[in-house]
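Reproduced below: structure_20.pdb, with PDB, C-alpha atoms.
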ATOM      1  CA  MET H 130     -21.574  25.271   5.959  1.00  0.00           C
ATOM      2  CA  VAL H 131     -19.528  22.922   3.799  1.00  0.00           C
ATOM      3  CA  CYS H 132     -16.882  20.404   4.862  1.00  0.00           C
ATOM      4  CA  PHE H 133     -14.247  19.807   2.198  1.00  0.00           C
ATOM      5  CA  VAL H 134     -13.081  16.221   1.819  1.00  0.00           C
ATOM      6  CA  ASN H 135     -10.773  17.163  -1.001  1.00  0.00           C
ATOM      7  CA  SER H 136     -10.937  19.546  -3.916  1.00  0.00           C
ATOM      8  CA  PHE H 137     -13.610  17.410  -5.579  1.00  0.00           C
ATOM      9  CA  GLN H 138     -15.679  16.033  -2.673  1.00  0.00           C
ATOM     10  CA  THR H 139     -18.030  18.069  -0.505  1.00  0.00           C
ATOM     11  CA  PHE H 140     -20.805  17.165   1.905  1.00  0.00           C
ATOM     12  CA  THR H 141     -23.981  19.200   2.174  1.00  0.00           C
ATOM     13  CA  SER H 142     -26.914  18.304   4.376  1.00  0.00           C
ATOM     14  CA  ALA H 143     -30.491  17.894   3.201  1.00  0.00           C
ATOM     15  CA  ASP H 144     -31.589  18.279   6.847  1.00  0.00           C
ATOM     16  CA  PRO H 145     -31.518  21.981   7.745  1.00  0.00           C
ATOM     17  CA  THR H 146     -30.916  21.078  11.400  1.00  0.00           C
ATOM     18  CA  GLU H 147     -27.861  18.962  10.595  1.00  0.00           C
ATOM     19  CA  SER H 148     -24.479  20.414   9.842  1.00  0.00           C
ATOM     20  CA  ALA H 149     -22.672  19.368   6.684  1.00  0.00           C
ATOM     21  CA  CYS H 150     -19.845  18.082   8.874  1.00  0.00           C
ATOM     22  CA  GLY H 151     -22.357  15.969  10.743  1.00  0.00           C
ATOM     23  CA  ARG H 152     -23.591  14.443   7.520  1.00  0.00           C
ATOM     24  CA  GLY H 153     -20.019  13.831   6.441  1.00  0.00           C
ATOM     25  CA  LYS H 154     -19.425  11.845   9.606  1.00  0.00           C
ATOM     26  CA  ARG H 155     -22.559   9.774   8.991  1.00  0.00           C
ATOM     27  CA  MET H 156     -21.353   9.021   5.487  1.00  0.00           C
ATOM     28  CA  GLY H 157     -18.122   7.587   6.818  1.00  0.00           C
ATOM     29  CA  VAL H 158     -15.676  10.476   7.069  1.00  0.00           C
ATOM     30  CA  VAL H 159     -14.054  12.186  10.031  1.00  0.00           C
ATOM     31  CA  VAL H 160     -13.194  15.841  10.299  1.00  0.00           C
ATOM     32  CA  ALA H 161     -10.038  16.553  12.282  1.00  0.00           C
ATOM     33  CA  SER H 162      -7.731  19.571  12.285  1.00  0.00           C
ATOM     34  CA  GLY H 163      -9.252  20.834   9.066  1.00  0.00           C
ATOM     35  CA  GLN H 164      -8.608  17.521   7.313  1.00  0.00           C
ATOM     36  CA  VAL H 165     -11.123  14.810   6.445  1.00  0.00           C
ATOM     37  CA  ARG H 166     -10.251  11.159   6.408  1.00  0.00           C
ATOM     38  CA  THR H 167     -12.375   8.078   5.857  1.00  0.00           C
ATOM     39  CA  ARG H 168     -13.605   6.159   8.878  1.00  0.00           C
ATOM     40  CA  GLN H 169     -12.192   2.663   9.086  1.00  0.00           C
ATOM     41  CA  HIS H 170     -15.528   1.219  10.183  1.00  0.00           C
ATOM     42  CA  VAL H 171     -19.081   2.211   9.253  1.00  0.00           C
ATOM     43  CA  ASN H 172     -22.026   0.646  11.068  1.00  0.00           C
ATOM     44  CA  PRO H 173     -24.025  -1.161   8.327  1.00  0.00           C
ATOM     45  CA  LEU H 174     -27.046  -1.412  10.627  1.00  0.00           C
ATOM     46  CA  SER H 175     -27.384   2.317  11.211  1.00  0.00           C
ATOM     47  CA  GLU H 176     -30.590   3.864   9.918  1.00  0.00           C
ATOM     48  CA  HIS H 177     -29.051   5.883   7.095  1.00  0.00           C
ATOM     49  CA  MET H 178     -27.282   2.775   5.765  1.00  0.00           C
ATOM     50  CA  GLN H 179     -30.612   1.010   5.149  1.00  0.00           C
ATOM     51  CA  LYS H 180     -31.326   3.156   2.114  1.00  0.00           C
ATOM     52  CA  PRO H 181     -31.338   1.089  -1.118  1.00  0.00           C
ATOM     53  CA  VAL H 182     -28.658   1.730  -3.695  1.00  0.00           C
ATOM     54  CA  GLU H 183     -29.331   4.484  -6.215  1.00  0.00           C
ATOM     55  CA  LEU H 184     -28.531   3.119  -9.661  1.00  0.00           C
ATOM     56  CA  GLU H 185     -28.639   5.000 -12.917  1.00  0.00           C
ATOM     57  CA  GLN H 186     -31.624   3.943 -14.998  1.00  0.00           C
ATOM     58  CA  GLU H 187     -29.495   2.204 -17.641  1.00  0.00           C
ATOM     59  CA  TRP H 188     -26.800   0.848 -15.314  1.00  0.00           C
ATOM     60  CA  PRO H 189     -24.634  -1.151 -16.036  1.00  0.00           C
ATOM     61  CA  LYS H 190     -24.920  -0.006 -19.655  1.00  0.00           C
ATOM     62  CA  GLY H 191     -22.440   2.741 -20.376  1.00  0.00           C
ATOM     63  CA  LYS H 192     -20.153   1.716 -17.535  1.00  0.00           C
ATOM     64  CA  PHE H 193     -18.658  -1.344 -19.187  1.00  0.00           C
ATOM     65  CA  GLU H 194     -17.288  -1.695 -22.682  1.00  0.00           C
ATOM     66  CA  SER H 195     -19.010  -5.048 -23.079  1.00  0.00           C
ATOM     67  CA  LEU H 196     -21.688  -6.743 -20.992  1.00  0.00           C
ATOM     68  CA  GLU H 197     -20.926 -10.068 -22.642  1.00  0.00           C
ATOM     69  CA  ARG H 198     -17.917 -10.594 -20.404  1.00  0.00           C
ATOM     70  CA  ALA H 199     -18.074 -12.547 -17.141  1.00  0.00           C
ATOM     71  CA  PHE H 200     -18.309 -10.486 -13.936  1.00  0.00           C
ATOM     72  CA  HIS H 201     -16.284 -10.588 -10.748  1.00  0.00           C
ATOM     73  CA  VAL H 202     -17.863  -8.760  -7.780  1.00  0.00           C
ATOM     74  CA  ASP H 203     -15.760  -7.747  -4.782  1.00  0.00           C
ATOM     75  CA  ILE H 204     -17.751  -6.861  -1.645  1.00  0.00           C
ATOM     76  CA  GLY H 205     -16.041  -4.359   0.640  1.00  0.00           C
ATOM     77  CA  VAL H 206     -13.546  -3.108  -1.911  1.00  0.00           C
ATOM     78  CA  ALA H 207     -12.154  -0.203   0.192  1.00  0.00           C
ATOM     79  CA  LYS H 208      -9.929   1.961  -2.062  1.00  0.00           C
ATOM     80  CA  GLY H 209     -10.299  -0.509  -4.915  1.00  0.00           C
ATOM     81  CA  ARG H 210      -6.636  -1.207  -5.558  1.00  0.00           C
ATOM     82  CA  PHE H 211      -7.261  -4.953  -5.705  1.00  0.00           C
ATOM     83  CA  LEU H 212      -9.827  -4.525  -8.477  1.00  0.00           C
ATOM     84  CA  PHE H 213      -7.627  -2.095 -10.387  1.00  0.00           C
ATOM     85  CA  SER H 214      -4.968  -4.801 -10.544  1.00  0.00           C
ATOM     86  CA  MET H 215      -7.546  -7.430 -11.434  1.00  0.00           C
ATOM     87  CA  ALA H 216      -9.044  -5.296 -14.217  1.00  0.00           C
ATOM     88  CA  GLU H 217      -5.620  -4.713 -15.738  1.00  0.00           C
ATOM     89  CA  THR H 218      -4.509  -8.334 -15.320  1.00  0.00           C
ATOM     90  CA  TYR H 219      -7.725  -9.961 -16.564  1.00  0.00           C
ATOM     91  CA  ALA H 220      -8.894  -7.592 -19.276  1.00  0.00           C
ATOM     92  CA  GLU H 221     -11.285 -10.247 -20.608  1.00  0.00           C
ATOM     93  CA  LYS H 222     -13.528  -9.913 -17.506  1.00  0.00           C
ATOM     94  CA  ASN H 223     -15.649  -7.186 -15.944  1.00  0.00           C
ATOM     95  CA  PHE H 224     -15.099  -6.134 -12.337  1.00  0.00           C
ATOM     96  CA  LEU H 225     -17.504  -4.499  -9.920  1.00  0.00           C
ATOM     97  CA  GLY H 226     -16.553  -3.234  -6.465  1.00  0.00           C
ATOM     98  CA  LEU H 227     -19.082  -2.514  -3.715  1.00  0.00           C
ATOM     99  CA  GLU H 228     -18.148  -0.276  -0.795  1.00  0.00           C
ATOM    100  CA  ILE H 229     -20.078   1.243   2.106  1.00  0.00           C
ATOM    101  CA  ARG H 230     -17.897   4.366   2.366  1.00  0.00           C
ATOM    102  CA  LYS H 231     -18.897   6.813  -0.350  1.00  0.00           C
ATOM    103  CA  PRO H 232     -15.691   8.915  -0.415  1.00  0.00           C
ATOM    104  CA  LEU H 233     -13.695   5.803  -1.305  1.00  0.00           C
ATOM    105  CA  VAL H 234     -16.123   4.939  -4.110  1.00  0.00           C
ATOM    106  CA  ASP H 235     -15.946   8.436  -5.572  1.00  0.00           C
ATOM    107  CA  GLN H 236     -12.160   8.372  -5.429  1.00  0.00           C
ATOM    108  CA  ALA H 237     -11.954   4.906  -7.004  1.00  0.00           C
ATOM    109  CA  ASN H 238     -14.220   5.913  -9.886  1.00  0.00           C
ATOM    110  CA  ASP H 239     -12.109   9.030 -10.479  1.00  0.00           C
ATOM    111  CA  TRP H 240      -9.008   6.832 -10.665  1.00  0.00           C
ATOM    112  CA  ARG H 241     -10.858   4.446 -12.976  1.00  0.00           C
ATOM    113  CA  ASP H 242     -11.670   7.299 -15.325  1.00  0.00           C
ATOM    114  CA  ASP H 243      -8.073   8.538 -15.233  1.00  0.00           C
ATOM    115  CA  LYS H 244      -6.893   5.077 -16.254  1.00  0.00           C
ATOM    116  CA  ASN H 245      -9.682   4.747 -18.835  1.00  0.00           C
ATOM    117  CA  LEU H 246     -10.560   1.246 -17.648  1.00  0.00           C
ATOM    118  CA  ARG H 247     -13.777   0.153 -19.349  1.00  0.00           C
ATOM    119  CA  ASN H 248     -14.130  -3.155 -17.520  1.00  0.00           C
ATOM    120  CA  LEU H 249     -14.388  -1.718 -14.001  1.00  0.00           C
ATOM    121  CA  ASP H 250     -16.967   0.122 -11.906  1.00  0.00           C
ATOM    122  CA  PHE H 251     -17.507   0.948  -8.234  1.00  0.00           C
ATOM    123  CA  LEU H 252     -20.807   1.420  -6.413  1.00  0.00           C
ATOM    124  CA  PHE H 253     -21.595   2.998  -3.063  1.00  0.00           C
ATOM    125  CA  CYS H 254     -24.025   0.755  -1.226  1.00  0.00           C
ATOM    126  CA  ASN H 255     -24.655  -1.440   1.767  1.00  0.00           C
ATOM    127  CA  ALA H 256     -24.299  -4.926   0.294  1.00  0.00           C
ATOM    128  CA  ASN H 257     -26.577  -6.428   2.953  1.00  0.00           C
ATOM    129  CA  VAL H 258     -29.350  -4.114   1.747  1.00  0.00           C
ATOM    130  CA  SER H 259     -28.747  -3.737  -1.991  1.00  0.00           C
ATOM    131  CA  LEU H 260     -26.789  -6.719  -3.328  1.00  0.00           C
ATOM    132  CA  ASP H 261     -29.848  -8.386  -4.840  1.00  0.00           C
ATOM    133  CA  GLU H 262     -30.808  -5.200  -6.698  1.00  0.00           C
ATOM    134  CA  VAL H 263     -27.271  -4.745  -8.003  1.00  0.00           C
ATOM    135  CA  LEU H 264     -26.805  -8.336  -9.162  1.00  0.00           C
ATOM    136  CA  SER H 265     -30.274  -8.384 -10.739  1.00  0.00           C
ATOM    137  CA  ARG H 266     -29.061  -5.723 -13.172  1.00  0.00           C
ATOM    138  CA  LEU H 267     -26.216  -7.892 -14.481  1.00  0.00           C
ATOM    139  CA  PRO H 268     -26.882 -10.078 -17.527  1.00  0.00           C
ATOM    140  CA  PRO H 269     -28.253 -13.484 -16.449  1.00  0.00           C
ATOM    141  CA  GLY H 270     -25.505 -16.055 -16.008  1.00  0.00           C
ATOM    142  CA  SER H 271     -22.704 -13.482 -16.137  1.00  0.00           C
ATOM    143  CA  LEU H 272     -21.720 -13.527 -12.453  1.00  0.00           C
ATOM    144  CA  ASP H 273     -18.643 -15.733 -12.405  1.00  0.00           C
ATOM    145  CA  THR H 274     -16.860 -14.975  -9.127  1.00  0.00           C
ATOM    146  CA  VAL H 275     -17.534 -13.139  -5.863  1.00  0.00           C
ATOM    147  CA  SER H 276     -14.977 -12.235  -3.209  1.00  0.00           C
ATOM    148  CA  VAL H 277     -15.247 -11.028   0.386  1.00  0.00           C
ATOM    149  CA  GLN H 278     -11.749 -10.313   1.626  1.00  0.00           C
ATOM    150  CA  PHE H 279     -10.677  -9.099   5.064  1.00  0.00           C
ATOM    151  CA  PRO H 280     -14.077  -7.700   6.075  1.00  0.00           C
ATOM    152  CA  ASP H 281     -14.475  -5.555   9.181  1.00  0.00           C
ATOM    153  CA  PRO H 282     -14.085  -8.001  12.094  1.00  0.00           C
ATOM    154  CA  TRP H 283     -16.452  -6.306  14.570  1.00  0.00           C
ATOM    155  CA  PHE H 284     -14.875  -8.076  17.543  1.00  0.00           C
ATOM    156  CA  LYS H 285     -17.374  -7.134  20.271  1.00  0.00           C
ATOM    157  CA  LYS H 286     -20.052  -9.752  20.816  1.00  0.00           C
ATOM    158  CA  ARG H 287     -22.890  -7.251  20.463  1.00  0.00           C
ATOM    159  CA  HIS H 288     -21.435  -6.077  17.134  1.00  0.00           C
ATOM    160  CA  LYS H 289     -21.082  -9.453  15.420  1.00  0.00           C
ATOM    161  CA  LYS H 290     -24.419  -8.981  13.676  1.00  0.00           C
ATOM    162  CA  ARG H 291     -22.715  -6.140  11.770  1.00  0.00           C
ATOM    163  CA  ARG H 292     -20.383  -8.553   9.974  1.00  0.00           C
ATOM    164  CA  VAL H 293     -20.991  -8.509   6.256  1.00  0.00           C
ATOM    165  CA  LEU H 294     -21.246 -12.225   5.467  1.00  0.00           C
ATOM    166  CA  GLN H 295     -24.662 -13.124   6.822  1.00  0.00           C
ATOM    167  CA  PRO H 296     -26.888 -16.041   5.683  1.00  0.00           C
ATOM    168  CA  GLU H 297     -29.137 -13.669   3.724  1.00  0.00           C
ATOM    169  CA  LEU H 298     -26.172 -12.275   1.789  1.00  0.00           C
ATOM    170  CA  VAL H 299     -24.948 -15.773   0.918  1.00  0.00           C
ATOM    171  CA  GLU H 300     -28.445 -16.632  -0.322  1.00  0.00           C
ATOM    172  CA  VAL H 301     -28.376 -13.647  -2.654  1.00  0.00           C
ATOM    173  CA  ILE H 302     -24.937 -14.621  -3.965  1.00  0.00           C
ATOM    174  CA  ALA H 303     -26.129 -18.197  -4.554  1.00  0.00           C
ATOM    175  CA  LYS H 304     -29.202 -16.861  -6.360  1.00  0.00           C
ATOM    176  CA  HIS H 305     -27.168 -14.951  -8.945  1.00  0.00           C
ATOM    177  CA  LEU H 306     -23.873 -16.861  -9.202  1.00  0.00           C
ATOM    178  CA  LYS H 307     -23.726 -19.084 -12.248  1.00  0.00           C
ATOM    179  CA  PRO H 308     -23.365 -22.863 -11.794  1.00  0.00           C
ATOM    180  CA  SER H 309     -19.690 -23.680 -11.179  1.00  0.00           C
ATOM    181  CA  GLY H 310     -19.116 -20.037 -10.219  1.00  0.00           C
ATOM    182  CA  GLU H 311     -16.919 -19.371  -7.209  1.00  0.00           C
ATOM    183  CA  LEU H 312     -17.165 -17.535  -3.891  1.00  0.00           C
ATOM    184  CA  TYR H 313     -13.893 -16.682  -2.141  1.00  0.00           C
ATOM    185  CA  VAL H 314     -13.754 -15.431   1.447  1.00  0.00           C
ATOM    186  CA  CYS H 315     -10.735 -14.758   3.629  1.00  0.00           C
ATOM    187  CA  SER H 316      -9.545 -13.048   6.788  1.00  0.00           C
ATOM    188  CA  ASP H 317      -6.378 -12.953   8.871  1.00  0.00           C
ATOM    189  CA  VAL H 318      -8.625 -13.101  11.958  1.00  0.00           C
ATOM    190  CA  LEU H 319      -9.406 -16.764  12.580  1.00  0.00           C
ATOM    191  CA  GLU H 320     -12.664 -16.058  14.406  1.00  0.00           C
ATOM    192  CA  VAL H 321     -13.964 -14.031  11.474  1.00  0.00           C
ATOM    193  CA  ALA H 322     -12.847 -16.655   8.940  1.00  0.00           C
ATOM    194  CA  GLU H 323     -14.577 -19.381  10.949  1.00  0.00           C
ATOM    195  CA  GLN H 324     -17.795 -17.356  11.091  1.00  0.00           C
ATOM    196  CA  MET H 325     -17.734 -16.800   7.323  1.00  0.00           C
ATOM    197  CA  HIS H 326     -17.064 -20.482   6.726  1.00  0.00           C
ATOM    198  CA  GLU H 327     -19.913 -21.458   9.021  1.00  0.00           C
ATOM    199  CA  VAL H 328     -22.329 -19.209   7.143  1.00  0.00           C
ATOM    200  CA  ALA H 329     -21.181 -20.114   3.625  1.00  0.00           C
ATOM    201  CA  SER H 330     -20.962 -23.861   4.215  1.00  0.00           C
ATOM    202  CA  ALA H 331     -24.481 -23.880   5.679  1.00  0.00           C
ATOM    203  CA  ASN H 332     -25.865 -22.868   2.297  1.00  0.00           C
ATOM    204  CA  PRO H 333     -26.698 -26.030   0.300  1.00  0.00           C
ATOM    205  CA  PHE H 334     -25.713 -24.432  -3.013  1.00  0.00           C
ATOM    206  CA  PHE H 335     -22.046 -24.016  -2.066  1.00  0.00           C
ATOM    207  CA  VAL H 336     -19.425 -26.767  -2.004  1.00  0.00           C
ATOM    208  CA  ASP H 337     -16.207 -26.224  -0.062  1.00  0.00           C
ATOM    209  CA  SER H 338     -13.231 -26.845  -2.361  1.00  0.00           C
ATOM    210  CA  SER H 339     -10.904 -27.413   0.608  1.00  0.00           C
ATOM    211  CA  PRO H 340     -12.937 -29.295   3.232  1.00  0.00           C
ATOM    212  CA  ASN H 341      -9.825 -30.395   5.095  1.00  0.00           C
ATOM    213  CA  GLY H 342      -8.344 -26.991   5.777  1.00  0.00           C
ATOM    214  CA  TRP H 343      -7.835 -23.357   4.854  1.00  0.00           C
ATOM    215  CA  ILE H 344      -6.539 -21.914   1.609  1.00  0.00           C
ATOM    216  CA  GLY H 345      -3.496 -19.833   2.447  1.00  0.00           C
ATOM    217  CA  GLU H 346      -2.939 -18.416  -1.015  1.00  0.00           C
ATOM    218  CA  ASN H 347      -5.150 -16.006  -2.925  1.00  0.00           C
ATOM    219  CA  PRO H 348      -6.653 -17.958  -5.885  1.00  0.00           C
ATOM    220  CA  PHE H 349      -6.611 -14.867  -8.141  1.00  0.00           C
ATOM    221  CA  ASN H 350      -2.840 -14.301  -7.979  1.00  0.00           C
ATOM    222  CA  VAL H 351      -3.620 -10.662  -7.155  1.00  0.00           C
ATOM    223  CA  LEU H 352      -3.363  -9.437  -3.568  1.00  0.00           C
ATOM    224  CA  THR H 353      -5.332  -6.833  -1.664  1.00  0.00           C
ATOM    225  CA  GLU H 354      -3.450  -4.221   0.346  1.00  0.00           C
ATOM    226  CA  ARG H 355      -4.298  -6.175   3.479  1.00  0.00           C
ATOM    227  CA  GLY H 356      -3.076  -9.374   1.868  1.00  0.00           C
ATOM    228  CA  LYS H 357       0.274  -7.759   1.105  1.00  0.00           C
ATOM    229  CA  ALA H 358       0.527  -6.513   4.685  1.00  0.00           C
ATOM    230  CA  CYS H 359      -0.168 -10.023   5.992  1.00  0.00           C
ATOM    231  CA  ILE H 360       2.726 -11.386   3.958  1.00  0.00           C
ATOM    232  CA  ASN H 361       5.039  -8.616   5.150  1.00  0.00           C
ATOM    233  CA  HIS H 362       4.092  -9.229   8.777  1.00  0.00           C
ATOM    234  CA  GLN H 363       3.915 -13.024   8.394  1.00  0.00           C
ATOM    235  CA  ARG H 364       0.250 -13.192   9.336  1.00  0.00           C
ATOM    236  CA  TYR H 365      -1.570 -16.288   8.123  1.00  0.00           C
ATOM    237  CA  VAL H 366      -4.587 -15.709   5.883  1.00  0.00           C
ATOM    238  CA  HIS H 367      -7.498 -18.110   6.428  1.00  0.00           C
ATOM    239  CA  GLY H 368      -9.265 -18.492   3.088  1.00  0.00           C
ATOM    240  CA  LYS H 369     -12.032 -20.644   1.675  1.00  0.00           C
ATOM    241  CA  LEU H 370     -13.138 -21.152  -1.917  1.00  0.00           C
ATOM    242  CA  TYR H 371     -16.667 -22.386  -2.591  1.00  0.00           C
ATOM    243  CA  THR H 372     -18.128 -23.621  -5.864  1.00  0.00           C
ATOM    244  CA  ARG H 373     -21.743 -22.983  -6.794  1.00  0.00           C
ATOM    245  CA  ALA H 374     -23.424 -26.336  -7.260  1.00  0.00           C
TER
END
For this file, write the structure as structure tokens.
Amino acid sequence: MVCFVNSFQTFTSADPTESACGRGKRMGVVVASGQVRTRQHVNPLSEHMQKPVELEQEWPKGKFESLERAFHVDIGVAKGRFLFSMAETYAEKNFLGLEIRKPLVDQANDWRDDKNLRNLDFLFCNANVSLDEVLSRLPPGSLDTVSVQFPDPWFKKRHKKRRVLQPELVEVIAKHLKPSGELYVCSDVLEVAEQMHEVASANPFFVDSSPNGWIGENPFNVLTERGKACINHQRYVHGKLYTRA
């Protein structure tokens, strides 16, 4: 049995007792009325999401035109539209998007190939499991900026441990980010923004650039889809920019 996501994406199961549709659901897609759409939320603590990222042996070679450029990494990139705009606007930099929903990664890389962008790549992985492995592959000192924008809020108290910005993740970012590099986090949910600020500011390697308040404007001059929606609906975005000491 095969579940078709679209004409290019299929899901087959390595477990003979599990249906392909069942595997598709585990990988972050939902089958409904013959159509498959991506789940909005994927539990990063589920067993199958603990598998380390599978990188090509020579990655990132062959994916980027030049590895001498500075890198921007966006964690939780969704469909990748933010990074497409960034890659076109700042052609002098490399951009890497990490996403936990594989269908979105496959689609983003197809779009990347269609646009022939050689400073952009997307990886399917759980950042809380594989970020260190991914960043270790980048040239030393090349990680210039990292962004975590509008992450899944996981409102229920018992689910808060699923939120992406955990102390261990911040430690990994601090380990690889070059001195004077920047970490930007934001959310339109104040509780989530406060939790991210609490975690990031607790790391001694990060200095808050706006200790007296939130940054309301995106420092990259490029908005995510959620950022555009917040402007349209007049929702305040609570942002923080940290500098690597």
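Atom pair atom CA of H:Val321 / atom CA of H:Val202 has a distance of 20.3 Å (rounded to one decimal).
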Legend entry - Answer key for the PyMOL selection byres ((chain H and resi 216) around 12), residues as an MDAnalysis selection string: chainID H and resid 193 199:203 209:215 217:226 241 244:250 349 351
Legend entry - Matched chain/residue IDs from the PyMOL selection byres ((chain H and resi 306) around 12), as number ranges by chain: H: 199-202, 261, 264-265, 267-276, 299-305, 307-312, 334-335, 371-374
Inset, instruction - Tell me which of H:Gly368, H:Pro181, H:Gly345, H:Pro189 sits closest to H:Gln324, counting all atoms listed in the file. - result: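 Closest candidate: H:Gly368.
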Inset, instruction - Go ahead and compute the interatomic distance for atom CA of H:Ala207 and atom CA of H:Pro340, in Å to one decimal. - result: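 Separating atom CA of H:Ala207 from atom CA of H:Pro340 is a distance of 29.3 Å.
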Legend entry - Between atom CA of H:Leu370 and atom CA of H:Glu323, distance in Å (one decimal): 13.1 Å
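Using all atoms listed in the file for every distance, the candidate list H:Arg266, H:Pro280, H:Trp240, H:Leu298 yields H:Arg266 as the residue closest to H:Lys190.
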Inset, instruction - Name the residues captured by the PyMOL selection byres ((chain H and resi 325) around 9) when it is applied to the shown file; answer as JSON, numbers by chain. - result: {"H": [293, 294, 295, 314, 315, 320, 321, 322, 323, 324, 326, 327, 328, 329, 330, 369]}
Inset, instruction - Between H:Val206, H:Pro333, H:Tyr365, H:Glu346, single out the one closest to H:Leu319, counting all atoms listed in the file. - result: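 That would be H:Tyr365, the residue with the smallest distance to H:Leu319.
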Inset, instruction - Could you check which of H:Gln363, H:Gly205, H:Glu354, H:Asn172 is closest to H:Val234, using only C-alpha atoms? - result: H:Gly205
Inset, instruction - Tell me which of H:Val366, H:Cys359, H:Ala256, H:Leu196 sits closest to H:Trp343, counting all atoms listed in the file. - result: H:Val366
Inset, instruction - Rank H:Phe253, H:Trp188, H:Phe279, H:Tyr313 by their smallest atom-to-atom distance to H:Gly356, using all atoms listed in the file, and report the top residue only. - result: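 Result for the nearest residue to H:Gly356: H:Phe279.
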Six-sided padding of 6 Å per side, axis-aligned box over stretch 303-308 of chain H, centre and edges in Å, one decimal, as lines of an AutoDock Vina configuration file:
center_x = -26.3
center_y = -18.9
center_z = -8.4
size_x = 17.8
size_y = 19.9
size_z = 19.7
